[in-house]
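Novice: First, the structure itself, so that you have it in front of you.
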Amino acid sequence: MNIQFSLTVPEGKALMARAVCRLPQVEKALQSGKILLKGGTTVSEIAHILIGIRLRISGRISPRGTMACMGDSPHPHSILVENGEAVNVDDVLEDVVSSMGPGDIAVISANAIDTEGNAAMMAGAELGGKPGRIISGLMAEGLEILIPAGLEKLMPGKIADAVRAAGRKKPDSSMGMSVGLIPIIGKVFTELDAIRALSGIEPVIIGRGGIQGAEGATVFAVEGPPEQIEKLMELIFEVKNQAAYKHEDESLKECRPGSPGCKTHHACMYRRRYRWKKE
């Protein structure tokens with residue numbers, strides 16, 4: 001049986017979240033280990049499926065550029081799930097990471113991935129903010145790092161080149177806060193991996209992009225036994241028209257000139273009131 005279907009970016013996030021939550025190692029860590037979830041749109045959806053809460057969205061790319069949130073939110077940005085319960089660990093990230101090891105899992109998304117399986121996270125705050133300070137520790141402690149990242153984040157070049165080109169303090173001007181890139185070493189998990197994990201079918205990408213809400217969408221072709229295809233399509237229709245990041249939270253409001261983050265963010269053209277030239 002051969003089927004073609006498309007996934008918008010939000011639908012892809014919802015599908016990846018479902019697949020990550022069903023991975024054997026995640027289910028095992030949920031029962032007898034620790035799972036660290038660092039806030040992001042896809043990871044927030046994972047947290048919602050696992051324990052029924054949303055995470056605070058910090059930095060984001062919007063039509064205005066690389067933006068931060070306007071202000072405070074009642075939701076945590078990073079949580080630790082242990083023994084079926086979630087704890088806000090925003091203020092104790094270093095201690096939490098040092099307590100983790102083999103068998104535990106950290107789930108952290110990325111802003112860019114390349115064809116070689118490399119990933120990087122944007123950093124607009126000093127030293128990458130609190131999460132940026134523990135990335136190296138995560139990679140050093142021996143735990144598994146899952147990096148759910150949609151195919152819209154796949155870049156044509158190499159992450160190493162992007163890291164060298166970026167930098168918080170490099171730009172004279174930026175649409176929003178200027179950012180650097182922090183490399184993350186782990187298992188990049190895209191919609192392709194989600195389809196494989198959920199159905200056992202090997203997907204092939206046959207188109208990208210779209211209009212009227214399908215900007216950044218991906219078109220897939222899959223072929224396999226009818227029972228596997230039907231199982232997959234049930235999941236596809238389940239996530240259709242879902243927007244994984246459209247939940248009510250103050251953190252979705254974007255920063256404006258005068259927001260708290262303006263004290264540490266660099267090169268924002270909106271704050272400095274210029275576009276292409278220095279004043």
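Chain labels A, B, ... are given in the sequence in which chains occur in the structure tokens; within each chain residues are numbered consecutively from 1, and ligands are likewise numbered from 1 in the order shown.
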Taking a cut-off of 10 Å and counting only C-alpha atoms, can you build a table that, for each residue of segment 136-166 of chain A near segment 183-196 of chain A, reports the nearest atom pair and how far apart they are in Å (one decimal), sorted by chain then residue number, as a tab-separated table?
Specialist:
```
residue	atom	partner	partner_atom	distance
A:Ser136	CA	A:Ile184	CA	8.2
A:Leu138	CA	A:Ile184	CA	9.2
A:Met139	CA	A:Ile185	CA	6.8
A:Leu143	CA	A:Gly186	CA	9.7
A:Glu144	CA	A:Gly186	CA	7.1
A:Ile145	CA	A:Gly186	CA	4.8
A:Leu146	CA	A:Lys187	CA	5.0
A:Ile147	CA	A:Val188	CA	4.6
A:Pro148	CA	A:Phe189	CA	4.5
A:Ala149	CA	A:Thr190	CA	5.3
A:Gly150	CA	A:Thr190	CA	5.2
A:Leu151	CA	A:Thr190	CA	6.1
A:Glu152	CA	A:Thr190	CA	9.5
A:Lys153	CA	A:Thr190	CA	9.5
A:Leu154	CA	A:Thr190	CA	9.5
A:Ile159	CA	A:Pro183	CA	7.6
A:Ala160	CA	A:Pro183	CA	8.1
A:Ala162	CA	A:Pro183	CA	9.8
A:Val163	CA	A:Pro183	CA	7.5
```
Novice: Asp104 of chain A: which residues within 10 Å, counting only C-alpha atoms, same-chain residues fewer than 5 positions away excluded, as a ChimeraX atom specification?
Specialist: /A:25-26,28-30,32-36,82,99,141-145
Novice: Which one is closest to Pro260 of chain A: A:Ala125, A:Gly40, A:Cys21, A:Arg64? Count only C-alpha atoms.
Specialist: A:Ala125
Novice: Please return, as a ChimeraX atom specification, all residues of segment 40-277 of chain A that DSSP assigns to helix (DSSP H, G or I) on the basis of the backbone.
Specialist: /A:41-51,93-98,126-132,135-140,151-153,159-165,191-199,226-239,250-252,260-263,269-272
